[in-house]
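Peer 1: The following block contains the structure, expressed as structure tokens.
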Amino acid sequence: MSSLPTGTPWVVLKFGGTSVSQRHRWDTIGRLASKRIEGGDTRVLVVVSALSGVTNELTAIADGAADAAVRVDALVARHRAFAADLGLDADAVLGTHLSTLQGLLADPRAATRPLDWQADVLAHGELLSSSLGAAYLQTQGVDIGWCDARDWLDAIELPNQSAWGRRLSVSCKREADDAWRTRFAAQPTPVLITQGFIARHGDGGTAILGRGGSDTSAALFGGLLRASGVEIWTDVPGMFSANPRDVPDARLLTRLDYAEAQEISTTGAKVLHPRSLGPCRVSGVPMAILDTERPDLPGTRIDGEASTVPGVKAISRRNGIVLVSMETVGMWQSVGFMADIFERFKRHGLSVDLIGSAETNVTVSLDPSDNLVSTDVLARLSEDLSQICRVKVIAPCAAITLVGRGMRSLLHKLSDVWATFGKERVHLISQSSNDLNLTFVIDEADADGLLPQLHAELIASGAMPVDDGAVFGPSWKEIQFGKPARVVKWWEDATERQRLLALASRGTPRYVYHLQTVRERARALNAVGAIDRRFFAIKANSHPWILRTLEAEGFGLECVSIGEIEHVFATLPGLDPSRVLFTPSFAPRREYDGAFERGVNVTLDNVEALRNWPETFRGRDLWLRIDLGRGDGHHAKVVTGGAASKFGLPIAAVDDFVAAARTVGVRITGIHAHLGSGIGHPKHWREVYAELAGVADGIGTVDSIDIGGGLTIPYKPDDQPFDLALWAEGLAEIKAAWPRYRLAIEPGRFMVAECGVLLTHVTQVVGKQGVRRVGLDAGMNALMRPAMYDAFHAVRNLTRFDDADDAAFDIVGPICESSDVLGIDRLLPVGTAEGDVVLVSDAGAYGFVMANTYNLRDLPQEDVLE
């Protein structure tokens with residue numbers, strides 16, 4: 001931990017309830033403290049919380065629980081049992097504190113439960129845990145002493161503070177003189193243990209620091225002692241870029257400055273209470289959040305010297321937000337209107353969080369973590385406010401907050417985030433004046449499932465710079481399950497590289513397809529027993545050898561144009577038409593006629609075609625493509641469901657379609673939904689099947705359900721392969737519920753993306769105002785995906801494959817467009833030069849098929865490798 005010159009040898013270690021509730025964790029505390037004092041120059045102050053769950057029990061007792069005596073007896077029994085587990089004499093170590101706690105129930109004050117009595121009750125959790133810890137560590141050879149935090153932390157009264165706040169949620173003095181520090185240092189042992197959560201009231205009694213009190217106590221001691229650091233030891237590795245319970249891919253934040261940490265803790269992170277940052281920030285004492293069970297992890301370091309690189313560091317969600325919307329034309333240019341409004345909030349003891357205003361409206365949010373928001377309070381507030389404006393209370397809401405330095409400079413990177421929120425009803429948008437956060441308030445029900453999607457969008461757009469190793473550490477998934485093996489690409493094999501270099505010598509740009517990879521992907525899907533029909537979406541790659549290879553593996557072929565149909569039968573003349581599926585979008589009538597003449601399966605996705613072209617469809621069997629009302633995918637332009645998408649019949653219109661079909665003798669034998677491409681969560685398709693099965697039951701003639709494709713592949717170095725096992729498990733479960741339907745899929749990208757590479761030659765290497773660019777003889781004309789979808793493709797210098805990738809370059813092509821960029825800040829050997837062969841990976845899907853002759857440049861060539 002970095003430290004500031006403080007002149008004192010102290011380091012403060014704070015341990016929470018889960019860290020002090022088991023013997024082996026006290027052993028860890030002893031090892032950590034002993035390690036700190038090995039050099040002889042450092043002294044350690046250990047600050048502890050109550051045993052896990054004890055403060056909740058004491059709170060119930062202080063609140064006057066009817067079974068208070070039973071609860072006290074249970075707490076006494078629990079602490080005695082833990083003392084025995086630690087090998088301690090409970091009476092000798094805890095006798096006084098336990099007797100005092102039991103005596104508080106007989107105290108005359110217990111009848112009326114005044115605040116000072118409640119404080120005395122609440123203090124016992126920490127008094128008991130710290131006494132147990134000190135006694136146990138002494139038996140383990142640690143030279144440790146016990147001290148009462150109330151002798152060192154003095155509560156102060158704040159202006160307008162309620163009586164409750166002055167006793168049960170106090171603030172404490174943050175400054176100490178040399179005499180205080182000298183007196184504290186006079187305690188003889190190198191290690192001291194004390195309590196979090198409690199302090200001395202001005203009347204000499206006990207005061208409670210309230211929520212987050214133990215963290216705050218540690219920070220207060222750190223500031224008062226001018227310690228070299230405050231370490232918060234807990235049961236999680238630190239702060240994350242999102243709540244790991246919601247977003248397993250959330251990254252550990254290894255370094256933050258005080259302001260960012262304050263925002264993250266204030267807007268949702270529970271690992272560190274926001275109150276605790278103030279004392280350390282004022283005193284310049286660095287902090288760290290560390291994991292008691294995994295002390296080798298880097299944790300989160302917080303100080304004033306952390307990098308301030310712009311970027312979203314975290315996204316958080318707070319539930320239970322209440323919005324109060326106040327509207328009146330009377331506020332326009334009315335002096336004092338806002339003062340009148342906020343005076344009423346003050347009158348009812350409510351603290352306002354977010355504020356949005358317009359000419360005739362002011363909307364504010366109330367965070368329940370900072371307010372006692374009840375129906376009665378809101379009713380009284382509304383009654384008061386109604387005297388000067390119209391009031392509308394909107395609840396429950398959720399606040400989704402992006403936190404990071406330089407938020408204003410990131411707005412252009414948040415297009416996907418704006419689009420995602422555009423699908424929901426946003427009640428309030430608030431950007432902080434300190435440029436550290438951007439908050440969206442939406443209905444709480446609409447927030448479910450949003451965080452993983454938004455987190456992925458922030459990373460994909462570059463707004464969350466997870467490649468910055470100074471700030472971002474491993475993901476929660478990696479911490480829990482270990483770092484998965486890197487996906488090894490077929491072209492990394494030395495023999496295959498030599499074959500590719502030989503092909504590149506014949507001219508580039510050139511696509512090369514590895515047929516064995518295609519077979520492996522086909523066989524992986526063939527092994528999924530729940531699937532009955534497999535169609536390859538040839539729009540992904542229509543190379544004849546790709547089609548022949550997949551047909552030989554048992555796949556049918558899915559086409560979206562009459563041209564693709566004719567290409568299929570030209571490539572495979574004897575193909576059974578039943579193995580071809582036609583799923584066009586806004587195709588002309590003649591293409592439907594041609595498909596029926598070929599005898600293939602035809603899909604329709606609108607009722608208008610049935611009504612306008614009855615003779616085309618009369619007496620036919622059809623598949624129906626349905627829009628389930630939502631979309632998914634790695635980019636807005638590949639989302640193929642929802643109101644904004646041109647694909648699919650709205651599910652609400654299915655009955656109309658069925659009625660129109662009957663009038664022309666159409667029999668619906670299959671239904672289909674494809675919501676988007678590059679979808680990573682395996683349960684998506686299970687949900688699609690379940691919804692379609694319900695529709696199929698209502699139609700009555702359906703025998704096949706097509707759940708589409710869209711399976712993702714690992715484009716980025718730290719991406720993991722699609723979880724086929726979990727996907728297959730979900731399909732098997734749902735197929736068992738509706739076994740009468742044949743399950744069909746139509747993957748494209750998954751089958752061929754990884755088989756293909758684009759070979760290019762370096763044309764120029766150019767530096768411009770600090771940016772180095774490698775120019776290739778292929779650009780957006782050869783590979784459109786980066787320009788169209790902001791897609792990532794790995795780039796490697798095959799000529800210098802064994803050289804270190806030690807220089808960052810932007811990878812650009814020869815097309816006269818600003819969007820002709822294949823990659824930003826890609827690492828290549830510093831010696832990369834004209835004539836080197838550069839490989840663009842995972843280009844087998846939507847590569848050559850989207851290539852064009854823009855700028856009158858030739859199309860790439862194509863080759864296959866067996």
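Quick note on naming: the chains in the structure tokens go A, B, ... in the order shown, residues restart at 1 in each chain, and ligands are numbered from 1 in order of appearance.
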Using DSSP secondary structure from the backbone, list all alpha helix (DSSP H) positions within range 75-121 of chain A, as a ChimeraX atom specification.

Peer 2: /A:75-85,90-106,115-121

Peer 1: Counting only C-alpha atoms, give me one row per residue of range 1-77 of chain A with an atom at most 12 Å from an atom of range 206-212 of chain A, showing the shortest contact pair and its distance in Å to one decimal, sorted by chain then residue number, as a Markdown table.

Peer 2:
| residue | atom | partner | partner_atom | distance |
| --- | --- | --- | --- | --- |
| A:Lys14 | CA | A:Gly212 | CA | 12.0 |
| A:Gly16 | CA | A:Gly212 | CA | 10.3 |
| A:Gly17 | CA | A:Gly212 | CA | 11.9 |
| A:Ser49 | CA | A:Gly212 | CA | 10.1 |
| A:Thr55 | CA | A:Arg211 | CA | 10.7 |
| A:Asn56 | CA | A:Arg211 | CA | 11.5 |
| A:Thr59 | CA | A:Gly210 | CA | 10.9 |

Peer 1: For the residues in the current selection, export N, CA and C atoms as a PDB file, in the first residue's frame.

Peer 2:
ATOM      1  N   LYS A  14      -9.200  -3.347   9.777  1.00  0.00           N
ATOM      2  CA  LYS A  14     -10.587  -3.521  10.225  1.00  0.00           C
ATOM      3  C   LYS A  14     -11.142  -4.838   9.705  1.00  0.00           C
ATOM      4  N   GLY A  16     -14.699  -7.231   9.504  1.00  0.00           N
ATOM      5  CA  GLY A  16     -16.151  -7.238   9.629  1.00  0.00           C
ATOM      6  C   GLY A  16     -16.681  -8.479  10.315  1.00  0.00           C
ATOM      7  N   GLY A  17     -18.009  -8.560  10.411  1.00  0.00           N
ATOM      8  CA  GLY A  17     -18.649  -9.624  11.170  1.00  0.00           C
ATOM      9  C   GLY A  17     -18.317 -11.022  10.698  1.00  0.00           C
ATOM     10  N   SER A  49     -15.816  -5.631  14.056  1.00  0.00           N
ATOM     11  CA  SER A  49     -17.273  -5.562  14.174  1.00  0.00           C
ATOM     12  C   SER A  49     -17.747  -6.648  15.136  1.00  0.00           C
ATOM     13  N   THR A  55     -25.442  -7.695  15.608  1.00  0.00           N
ATOM     14  CA  THR A  55     -25.980  -6.332  15.654  1.00  0.00           C
ATOM     15  C   THR A  55     -27.457  -6.318  15.289  1.00  0.00           C
ATOM     16  N   ASN A  56     -27.882  -7.160  14.367  1.00  0.00           N
ATOM     17  CA  ASN A  56     -29.306  -7.238  14.036  1.00  0.00           C
ATOM     18  C   ASN A  56     -30.122  -7.673  15.245  1.00  0.00           C
ATOM     19  N   THR A  59     -30.231  -4.835  17.733  1.00  0.00           N
ATOM     20  CA  THR A  59     -31.143  -3.793  17.248  1.00  0.00           C
ATOM     21  C   THR A  59     -32.583  -4.156  17.572  1.00  0.00           C
TER      22      THR A  59
END

Peer 1: Mind checking which residues fall within 12 Å of Asp719 in chain A, counting only C-alpha atoms, ignoring those fewer than 5 positions away in the same chain, and posting them as an mmCIF file with N, CA and C atoms, in the first residue's frame?

Peer 2:
data_model
loop_
_atom_site.group_PDB
_atom_site.id
_atom_site.type_symbol
_atom_site.label_atom_id
_atom_site.label_comp_id
_atom_site.auth_asym_id
_atom_site.auth_seq_id
_atom_site.Cartn_x
_atom_site.Cartn_y
_atom_site.Cartn_z
ATOM 1 N N ASP A 249 -19.245 -11.205 -14.819
ATOM 2 C CA ASP A 249 -18.087 -10.697 -15.548
ATOM 3 C C ASP A 249 -17.576 -9.370 -14.988
ATOM 4 N N ALA A 456 -21.727 -5.087 -20.361
ATOM 5 C CA ALA A 456 -21.106 -5.573 -21.593
ATOM 6 C C ALA A 456 -21.030 -4.470 -22.640
ATOM 7 N N ALA A 460 -17.724 -3.041 -24.506
ATOM 8 C CA ALA A 460 -17.631 -3.128 -25.963
ATOM 9 C C ALA A 460 -17.382 -1.768 -26.593
ATOM 10 N N SER A 475 -11.903 -10.687 -13.317
ATOM 11 C CA SER A 475 -13.352 -10.703 -13.157
ATOM 12 C C SER A 475 -13.736 -11.557 -11.955
ATOM 13 N N GLU A 478 -13.531 -15.131 -12.812
ATOM 14 C CA GLU A 478 -12.164 -15.640 -12.795
ATOM 15 C C GLU A 478 -11.673 -15.862 -11.369
ATOM 16 N N LYS A 483 -8.697 -18.627 -13.710
ATOM 17 C CA LYS A 483 -8.600 -18.081 -15.061
ATOM 18 C C LYS A 483 -8.707 -19.213 -16.071
ATOM 19 N N PRO A 484 -9.698 -19.145 -16.934
ATOM 20 C CA PRO A 484 -9.864 -20.242 -17.891
ATOM 21 C C PRO A 484 -8.735 -20.256 -18.902
ATOM 22 N N ALA A 485 -8.526 -21.409 -19.469
ATOM 23 C CA ALA A 485 -7.473 -21.538 -20.478
ATOM 24 C C ALA A 485 -7.802 -20.657 -21.681
ATOM 25 N N ARG A 486 -6.793 -20.021 -22.206
ATOM 26 C CA ARG A 486 -6.982 -19.180 -23.385
ATOM 27 C C ARG A 486 -7.388 -20.049 -24.571
ATOM 28 N N VAL A 487 -8.316 -19.530 -25.351
ATOM 29 C CA VAL A 487 -8.749 -20.254 -26.539
ATOM 30 C C VAL A 487 -7.616 -20.226 -27.566
ATOM 31 N N VAL A 488 -7.153 -21.397 -27.949
ATOM 32 C CA VAL A 488 -6.063 -21.500 -28.931
ATOM 33 C C VAL A 488 -6.676 -21.629 -30.317
ATOM 34 N N GLY A 680 -24.668 -14.295 -25.733
ATOM 35 C CA GLY A 680 -23.770 -15.097 -24.913
ATOM 36 C C GLY A 680 -24.417 -15.872 -23.791
ATOM 37 N N THR A 712 -22.768 -17.031 -29.855
ATOM 38 C CA THR A 712 -21.572 -16.210 -29.960
ATOM 39 C C THR A 712 -20.311 -17.067 -30.041
ATOM 40 N N ILE A 713 -19.207 -16.428 -30.397
ATOM 41 C CA ILE A 713 -17.896 -17.088 -30.381
ATOM 42 C C ILE A 713 -16.905 -16.148 -29.679
ATOM 43 N N PRO A 714 -15.790 -16.662 -29.205
ATOM 44 C CA PRO A 714 -14.830 -15.822 -28.461
ATOM 45 C C PRO A 714 -13.956 -14.989 -29.389
ATOM 46 N N PHE A 792 -15.010 -6.626 -32.964
ATOM 47 C CA PHE A 792 -13.604 -6.869 -32.636
ATOM 48 C C PHE A 792 -13.118 -8.099 -33.381
ATOM 49 N N HIS A 793 -11.959 -7.974 -34.019
ATOM 50 C CA HIS A 793 -11.255 -9.108 -34.607
ATOM 51 C C HIS A 793 -9.793 -9.015 -34.180
ATOM 52 N N ALA A 794 -9.273 -10.113 -33.665
ATOM 53 C CA ALA A 794 -7.859 -10.125 -33.288
ATOM 54 C C ALA A 794 -6.991 -9.942 -34.530
#

Peer 1: List as a PyMOL selection string the protein and nucleic acid residues near Asp246 in chain A, meaning an atom at most 8 Å away when only C-alpha atoms are counted, but skip any in the same chain fewer than 4 places from it.

Peer 2: chain A and resi 242+449+451-452

Peer 1: Just to be explicit: take each residue in the selection above, keep C-alpha atoms, and write the result as a PDB file, in the first residue's frame.

Peer 2:
ATOM      1  CA  ALA A 242     -20.729  -4.027 -10.954  1.00  0.00           C
ATOM      2  CA  GLY A 449     -31.530  -8.034 -16.185  1.00  0.00           C
ATOM      3  CA  LEU A 451     -26.883  -4.570 -15.482  1.00  0.00           C
ATOM      4  CA  PRO A 452     -25.183  -7.456 -17.354  1.00  0.00           C
TER       5      PRO A 452
END

Peer 1: For the strand (DSSP E) assignment from backbone DSSP, which residues of range 572-708 of chain A qualify? Please present them as an MDAnalysis selection string.

Peer 2: chainID A and resid 580:582 601:604 621:627 649:650 667:672 704:706

Peer 1: Would you mind telling me which residue in A:Leu436, A:Arg113, A:Arg200, A:Ile400 lies nearest to Ala65 in chain A when using only C-alpha atoms?

Peer 2: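 Smallest distance to Ala65 in chain A is found for A:Arg113.
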
Peer 1: Would you list the contacts of range 389-398 of chain A as number ranges by chain, taking every protein, DNA or RNA residue within 7 Å and counting only C-alpha atoms, but skipping same-chain residues closer than 4 positions in sequence?

Peer 2: A: 317-328, 382, 385, 441-444, 447

Peer 1: With N, CA and C atoms retained, export the selected residues as a PDB file, in the first residue's frame.

Peer 2:
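File result_37.pdb, as written:
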ATOM      1  N   ARG A 317     -26.776  -0.342  -9.197  1.00  0.00           N
ATOM      2  CA  ARG A 317     -28.241  -0.249  -9.152  1.00  0.00           C
ATOM      3  C   ARG A 317     -28.690  -0.070  -7.712  1.00  0.00           C
ATOM      4  N   ARG A 318     -29.566   0.887  -7.493  1.00  0.00           N
ATOM      5  CA  ARG A 318     -30.202   1.062  -6.185  1.00  0.00           C
ATOM      6  C   ARG A 318     -31.709   0.899  -6.359  1.00  0.00           C
ATOM      7  N   ASN A 319     -32.296   0.024  -5.565  1.00  0.00           N
ATOM      8  CA  ASN A 319     -33.732  -0.211  -5.627  1.00  0.00           C
ATOM      9  C   ASN A 319     -34.465   0.631  -4.601  1.00  0.00           C
ATOM     10  N   GLY A 320     -35.768   0.656  -4.706  1.00  0.00           N
ATOM     11  CA  GLY A 320     -36.604   1.332  -3.723  1.00  0.00           C
ATOM     12  C   GLY A 320     -36.594   2.835  -3.816  1.00  0.00           C
ATOM     13  N   ILE A 321     -36.089   3.368  -4.925  1.00  0.00           N
ATOM     14  CA  ILE A 321     -36.050   4.825  -5.088  1.00  0.00           C
ATOM     15  C   ILE A 321     -37.468   5.363  -5.267  1.00  0.00           C
ATOM     16  N   VAL A 322     -37.759   6.473  -4.618  1.00  0.00           N
ATOM     17  CA  VAL A 322     -39.052   7.150  -4.740  1.00  0.00           C
ATOM     18  C   VAL A 322     -38.835   8.474  -5.468  1.00  0.00           C
ATOM     19  N   LEU A 323     -39.600   8.699  -6.523  1.00  0.00           N
ATOM     20  CA  LEU A 323     -39.549   9.972  -7.228  1.00  0.00           C
ATOM     21  C   LEU A 323     -40.745  10.823  -6.824  1.00  0.00           C
ATOM     22  N   VAL A 324     -40.491  12.089  -6.614  1.00  0.00           N
ATOM     23  CA  VAL A 324     -41.555  13.058  -6.350  1.00  0.00           C
ATOM     24  C   VAL A 324     -41.503  14.095  -7.459  1.00  0.00           C
ATOM     25  N   SER A 325     -42.536  14.100  -8.283  1.00  0.00           N
ATOM     26  CA  SER A 325     -42.615  15.033  -9.411  1.00  0.00           C
ATOM     27  C   SER A 325     -43.551  16.170  -9.037  1.00  0.00           C
ATOM     28  N   MET A 326     -43.073  17.417  -9.175  1.00  0.00           N
ATOM     29  CA  MET A 326     -43.834  18.604  -8.784  1.00  0.00           C
ATOM     30  C   MET A 326     -43.957  19.519  -9.987  1.00  0.00           C
ATOM     31  N   GLU A 327     -45.192  19.836 -10.361  1.00  0.00           N
ATOM     32  CA  GLU A 327     -45.412  20.599 -11.587  1.00  0.00           C
ATOM     33  C   GLU A 327     -46.355  21.768 -11.340  1.00  0.00           C
ATOM     34  N   THR A 328     -45.978  22.908 -11.882  1.00  0.00           N
ATOM     35  CA  THR A 328     -46.833  24.091 -11.837  1.00  0.00           C
ATOM     36  C   THR A 328     -46.262  25.148 -12.761  1.00  0.00           C
ATOM     37  N   SER A 382     -46.859  15.136   0.394  1.00  0.00           N
ATOM     38  CA  SER A 382     -47.701  15.463  -0.758  1.00  0.00           C
ATOM     39  C   SER A 382     -48.752  16.493  -0.395  1.00  0.00           C
ATOM     40  N   LEU A 385     -46.956  19.841  -0.207  1.00  0.00           N
ATOM     41  CA  LEU A 385     -46.545  20.323  -1.526  1.00  0.00           C
ATOM     42  C   LEU A 385     -47.729  20.717  -2.398  1.00  0.00           C
ATOM     43  N   VAL A 441     -33.070   6.914 -13.825  1.00  0.00           N
ATOM     44  CA  VAL A 441     -34.074   6.366 -12.920  1.00  0.00           C
ATOM     45  C   VAL A 441     -35.217   5.796 -13.754  1.00  0.00           C
ATOM     46  N   ILE A 442     -35.467   4.506 -13.566  1.00  0.00           N
ATOM     47  CA  ILE A 442     -36.508   3.808 -14.315  1.00  0.00           C
ATOM     48  C   ILE A 442     -37.377   3.013 -13.339  1.00  0.00           C
ATOM     49  N   ASP A 443     -38.463   2.462 -13.841  1.00  0.00           N
ATOM     50  CA  ASP A 443     -39.284   1.598 -12.993  1.00  0.00           C
ATOM     51  C   ASP A 443     -38.452   0.405 -12.530  1.00  0.00           C
ATOM     52  N   GLU A 444     -38.620   0.037 -11.281  1.00  0.00           N
ATOM     53  CA  GLU A 444     -37.808  -1.034 -10.719  1.00  0.00           C
ATOM     54  C   GLU A 444     -37.971  -2.340 -11.503  1.00  0.00           C
ATOM     55  N   ALA A 447     -35.723  -2.712 -14.497  1.00  0.00           N
ATOM     56  CA  ALA A 447     -34.273  -2.782 -14.278  1.00  0.00           C
ATOM     57  C   ALA A 447     -33.749  -4.205 -14.219  1.00  0.00           C
TER      58      ALA A 447
END

Peer 1: When distances are computed from only C-alpha atoms, which of A:Asp148, A:Asp235, A:Asp806, A:Glu597 shows the smallest separation from Val46 in chain A?

Peer 2: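 Among the listed residues, A:Asp148 lies closest to Val46 in chain A.
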
Peer 1: Between A:Asn781, A:Thr112, A:Ser542, A:Thr549, which one has atoms that come closest to Arg519 in chain A, using only C-alpha atoms?

Peer 2: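 Closest to Arg519 in chain A of all the choices is A:Thr549.
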
Peer 1: Could you tell me how far CA of Asp532 in chain A lies from CA of His567 in chain A, in Å and to one decimal?

Peer 2: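 Separating CA of Asp532 in chain A from CA of His567 in chain A is a distance of 24.8 Å.
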